[in-house]
Amino acid sequence: MAIPEYYRWHSKSPGDSREGKLSRRLLLASAFIPLLRAQEPDISSFDLSLLDEPVVPADLFFVHSHFPQPAVSADWKLALTGAVSAPCEIPVQEMSAGNGKTVGLTLECEENPVGGGMVSHAEWTGLTIRSVLERAKPAPDAAYLRLSGADGFAHTIPLAKAMQDDSLLVFRMNGERLSPAHGYPLRAIIAGWYGMNSVKWLRSLEVLRSDESRNVYRRHTRSLLTGIRPGEAVTAVQVKSAFARPLDGAILQRRQFIIRGAAWAGENRVRRVEVSVDGLKTWHTAQLSGEPVRHAWILWSYDWKIEGPGKYELAVRAADDAGQQQPAERPADRADPYELNAWQRIAVTVV
């Protein structure tokens with residue numbers, strides 16, 4: 001087979017064969033593959049079929065970085081700037097010297113698909129953003145906070161949200177030091193809001209009087225008259241539920257199966273989870289594993305007594321204590337990839 005010109009190794013040595021030239025070129029290219037991969041952002045999902053306990057180990061917790069992981073140093077400092085009367089820099093070692101505050105919080109990516117694993121729950125330890133910002137003395141008319149990470153990603157949130165009790169600057173996860181993939185040495189956790197708000201590798205907090213950012217995380221709607229138009233910013237996590245077991249396409253051999261999963265509702269509490277095992281004809285209330293709390297998912301289960309062999313369509317939906325319910329389908333006019341919280345439906349076969 002003839003080797004295309006663009007694959008040939010152009011050498012000054014007249015004795016090189018085409019095959020040798022190609023081999024050396026591929027060898028040279030392969031040496032750069034690890035370097036190229038190192039420049040890619042980390043993206044991985046949590047395997048929901050492993051869900052047995054609320055807390056997800058750090059090495060299984062989902063990762064969605066916007067840019068490649070930055071280099072970090074032992075003398076990391078957090079800068080407090082902007083509309084403040086006492087700008088300063090605080091060493092992270094000083095911030096992490098104490099015990100901090102530990103809160104169990106569920107984090108979900110803004111683009112997590114229906115039934116997707118870009119959601120996990122962990123115990124986060126850190127200081128409240130409020131307690132740290134008070135050192136810099138924000139201006140009375142300050143209204144926003146820009147969080148900037150060392151990877152180049154920045155996001156702006158309302159200052160009022162940043163000052164809430166469960167908005168944290170985190171240095172430990174599940175009792176251990178943050179791993180590099182999860183933002184070591186310091187990250188934000190903005191409870192009940194989608195993951196892009198919880199900036200990793202945090203370098204600075206800039207207090208602003210107005211929102212100077214161009215927030216791309218917005219709801220976009222489509223119509224024949226106006227085309228695609230941006231709307232409100234995507235902020236709080238929407239009520240949602242997901243199957244852990246069985247998996248879509250599973251083949252079951254017993255006449256009884258405990259269906260399991262998780263549900264969460266962002267800033268609200270999960271009130272009810274319902275499961276259908278007959279193609280949406282009837283719904284059954286699932287059992288919750290405990291008392292629902294804000295900002296955290298709750299595990300649920302349903303003891304399915306199977307009538308007999310055949311193909312079954314299963315579905316799950318949840319509602320929260322604010323009266324919000326998962327929609328059966330995503331609104332047809334949505335033209336963005338965010339807030340994907342329609343009912344999850346799976347198919348299984350019983351033999």
# chains A, B, ... in the order shown; residues from 1 in each chain; ligands from 1

$ residues_around --residues "Leu299 of chain A" --least-positions-apart "4" --cutoff "10 Å" --atoms "only C-alpha atoms" --output "PDB file with N, CA and C atoms, in the first residue's frame"
ATOM      1  N   LEU A  51     -24.027   2.834  43.761  1.00  0.00           N
ATOM      2  CA  LEU A  51     -24.598   3.649  44.837  1.00  0.00           C
ATOM      3  C   LEU A  51     -25.253   2.771  45.897  1.00  0.00           C
ATOM      4  N   ASP A  52     -24.620   2.663  47.066  1.00  0.00           N
ATOM      5  CA  ASP A  52     -25.180   1.952  48.211  1.00  0.00           C
ATOM      6  C   ASP A  52     -25.229   2.828  49.455  1.00  0.00           C
ATOM      7  N   GLU A  53     -24.339   3.811  49.535  1.00  0.00           N
ATOM      8  CA  GLU A  53     -24.275   4.746  50.646  1.00  0.00           C
ATOM      9  C   GLU A  53     -24.328   6.166  50.089  1.00  0.00           C
ATOM     10  N   PRO A  54     -24.847   7.119  50.869  1.00  0.00           N
ATOM     11  CA  PRO A  54     -24.958   8.490  50.346  1.00  0.00           C
ATOM     12  C   PRO A  54     -23.625   9.110  49.935  1.00  0.00           C
ATOM     13  N   SER A 241     -34.447  12.736  39.896  1.00  0.00           N
ATOM     14  CA  SER A 241     -34.240  11.403  40.445  1.00  0.00           C
ATOM     15  C   SER A 241     -33.575  10.538  39.392  1.00  0.00           C
ATOM     16  N   ALA A 242     -32.951   9.449  39.844  1.00  0.00           N
ATOM     17  CA  ALA A 242     -32.241   8.568  38.917  1.00  0.00           C
ATOM     18  C   ALA A 242     -32.229   7.153  39.461  1.00  0.00           C
ATOM     19  N   PHE A 243     -32.233   6.186  38.543  1.00  0.00           N
ATOM     20  CA  PHE A 243     -32.072   4.792  38.909  1.00  0.00           C
ATOM     21  C   PHE A 243     -30.594   4.482  39.182  1.00  0.00           C
ATOM     22  N   ALA A 244     -30.360   3.671  40.208  1.00  0.00           N
ATOM     23  CA  ALA A 244     -29.045   3.068  40.400  1.00  0.00           C
ATOM     24  C   ALA A 244     -29.063   1.624  39.893  1.00  0.00           C
ATOM     25  N   ARG A 260     -33.540   0.538  43.144  1.00  0.00           N
ATOM     26  CA  ARG A 260     -32.866   1.531  43.986  1.00  0.00           C
ATOM     27  C   ARG A 260     -32.431   2.738  43.164  1.00  0.00           C
ATOM     28  N   GLY A 261     -32.266   3.853  43.864  1.00  0.00           N
ATOM     29  CA  GLY A 261     -31.794   5.053  43.195  1.00  0.00           C
ATOM     30  C   GLY A 261     -31.591   6.196  44.172  1.00  0.00           C
ATOM     31  N   ALA A 262     -31.479   7.385  43.636  1.00  0.00           N
ATOM     32  CA  ALA A 262     -31.285   8.591  44.450  1.00  0.00           C
ATOM     33  C   ALA A 262     -32.127   9.714  43.874  1.00  0.00           C
ATOM     34  N   ALA A 263     -32.470  10.663  44.731  1.00  0.00           N
ATOM     35  CA  ALA A 263     -33.206  11.858  44.304  1.00  0.00           C
ATOM     36  C   ALA A 263     -32.646  13.058  45.049  1.00  0.00           C
ATOM     37  N   TRP A 264     -32.695  14.212  44.418  1.00  0.00           N
ATOM     38  CA  TRP A 264     -32.173  15.432  45.031  1.00  0.00           C
ATOM     39  C   TRP A 264     -32.982  16.628  44.528  1.00  0.00           C
ATOM     40  N   VAL A 273     -40.809  10.379  46.024  1.00  0.00           N
ATOM     41  CA  VAL A 273     -40.273   9.705  44.846  1.00  0.00           C
ATOM     42  C   VAL A 273     -41.272   8.626  44.455  1.00  0.00           C
ATOM     43  N   ALA A 286     -42.023   5.291  46.427  1.00  0.00           N
ATOM     44  CA  ALA A 286     -40.790   4.634  46.854  1.00  0.00           C
ATOM     45  C   ALA A 286     -40.506   4.963  48.313  1.00  0.00           C
ATOM     46  N   GLN A 287     -39.746   4.090  48.955  1.00  0.00           N
ATOM     47  CA  GLN A 287     -39.357   4.314  50.343  1.00  0.00           C
ATOM     48  C   GLN A 287     -38.064   5.113  50.389  1.00  0.00           C
ATOM     49  N   LEU A 288     -38.063   6.182  51.180  1.00  0.00           N
ATOM     50  CA  LEU A 288     -36.862   7.004  51.334  1.00  0.00           C
ATOM     51  C   LEU A 288     -36.006   6.452  52.461  1.00  0.00           C
ATOM     52  N   SER A 289     -34.698   6.602  52.328  1.00  0.00           N
ATOM     53  CA  SER A 289     -33.761   6.005  53.281  1.00  0.00           C
ATOM     54  C   SER A 289     -33.659   6.777  54.587  1.00  0.00           C
ATOM     55  N   GLY A 290     -34.237   7.941  54.664  1.00  0.00           N
ATOM     56  CA  GLY A 290     -34.165   8.744  55.879  1.00  0.00           C
ATOM     57  C   GLY A 290     -34.979  10.007  55.723  1.00  0.00           C
ATOM     58  N   PRO A 292     -35.328  13.631  54.432  1.00  0.00           N
ATOM     59  CA  PRO A 292     -34.676  14.484  53.429  1.00  0.00           C
ATOM     60  C   PRO A 292     -34.180  15.797  54.037  1.00  0.00           C
TER      61      PRO A 292
END

$ residues_around --residues "Val234 of chain A" --least-positions-apart "5" --cutoff "8 Å" --atoms "only C-alpha atoms" --output "list in words"
Tyr194, Tyr217, Arg218, Arg219, Tyr338 and Glu339 of chain A

$ write_last_selection --atoms "N, CA and C atoms" --output "CSV table (one decimal), in the first residue's frame"
chain,number,residue,atom,x,y,z
A,194,TYR,N,-25.8,24.5,40.7
A,194,TYR,CA,-25.1,23.6,39.7
A,194,TYR,C,-23.5,23.8,39.9
A,217,TYR,N,-24.1,30.6,31.1
A,217,TYR,CA,-25.0,29.6,31.6
A,217,TYR,C,-26.4,30.1,31.8
A,218,ARG,N,-27.1,30.2,30.7
A,218,ARG,CA,-28.4,30.8,30.8
A,218,ARG,C,-29.4,29.8,30.1
A,219,ARG,N,-30.7,29.9,30.5
A,219,ARG,CA,-31.7,29.2,29.7
A,219,ARG,C,-31.9,29.9,28.4
A,338,TYR,N,-28.7,22.6,29.6
A,338,TYR,CA,-28.7,22.6,31.0
A,338,TYR,C,-30.0,22.2,31.6
A,339,GLU,N,-30.0,21.8,32.9
A,339,GLU,CA,-31.2,21.5,33.7
A,339,GLU,C,-32.0,20.3,33.0

$ closest_residue --among "A:Pro68, A:Pro140, A:Pro87, A:Gly104" --to "Phe153 of chain A" --atoms "only C-alpha atoms"
A:Pro68

$ closest_residue --among "A:Gln238, A:Gly192, A:Glu267, A:Thr349" --to "Val114 of chain A" --atoms "only C-alpha atoms"
A:Gln238

$ atom_distance --atom1 "atom CA of Ser44 of chain A" --atom2 "atom CA of Ser120 of chain A"
11.4 Å

$ closest_residue --among "A:Trp283, A:Val216, A:Gly82, A:Gly266" --to "Pro230 of chain A" --atoms "only C-alpha atoms"
A:Val216

$ closest_residue --among "A:Lys281, A:Lys311, A:Arg294, A:Arg334" --to "Ile251 of chain A" --atoms "only C-alpha atoms"
A:Lys311

$ residues_around --residues "Leu127 of chain A" --least-positions-apart "4" --cutoff "9 Å" --atoms "only C-alpha atoms" --output "ChimeraX atom specification"
/A:95-96,100-102,131-132,167-171

$ atom_distance --atom1 "atom CA of Gln253 of chain A" --atom2 "atom CA of Asp278 of chain A"
17.6 Å

$ select_by_dssp --residues "segment 85-313 of chain A" --states "alpha helix (DSSP H)" --output "list in words"
Val92, Gln93, Glu94, Met95, Ile129, Arg130, Ser131, Val132, Leu133, Glu134, Arg135, Ala136, Leu159, Ala160, Lys161 and Ala162 of chain A

$ write_last_selection --atoms "C-alpha atoms" --output "mmCIF file, in the first residue's frame"
data_model
loop_
_atom_site.group_PDB
_atom_site.id
_atom_site.type_symbol
_atom_site.label_atom_id
_atom_site.label_comp_id
_atom_site.auth_asym_id
_atom_site.auth_seq_id
_atom_site.Cartn_x
_atom_site.Cartn_y
_atom_site.Cartn_z
ATOM 1 C CA VAL A 92 -4.458 28.488 52.368
ATOM 2 C CA GLN A 93 -2.299 26.862 55.047
ATOM 3 C CA GLU A 94 -3.677 29.401 57.498
ATOM 4 C CA MET A 95 -7.263 28.743 56.366
ATOM 5 C CA ILE A 129 -17.182 32.345 52.311
ATOM 6 C CA ARG A 130 -18.825 34.914 54.538
ATOM 7 C CA SER A 131 -16.288 34.500 57.348
ATOM 8 C CA VAL A 132 -13.387 34.930 54.911
ATOM 9 C CA LEU A 133 -14.875 37.880 53.028
ATOM 10 C CA GLU A 134 -15.478 39.731 56.296
ATOM 11 C CA ARG A 135 -11.709 40.173 56.581
ATOM 12 C CA ALA A 136 -11.746 42.273 53.421
ATOM 13 C CA LEU A 159 -23.055 38.079 46.861
ATOM 14 C CA ALA A 160 -26.160 37.175 48.856
ATOM 15 C CA LYS A 161 -25.768 33.527 47.788
ATOM 16 C CA ALA A 162 -22.061 33.547 48.596
#

$ residues_around --residues "Ala265 of chain A" --least-positions-apart "5" --cutoff "10 Å" --atoms "only C-alpha atoms" --output "PyMOL selection string"
chain A and resi 106+192-193+236-241+270-271+292-298+318-322+324-326
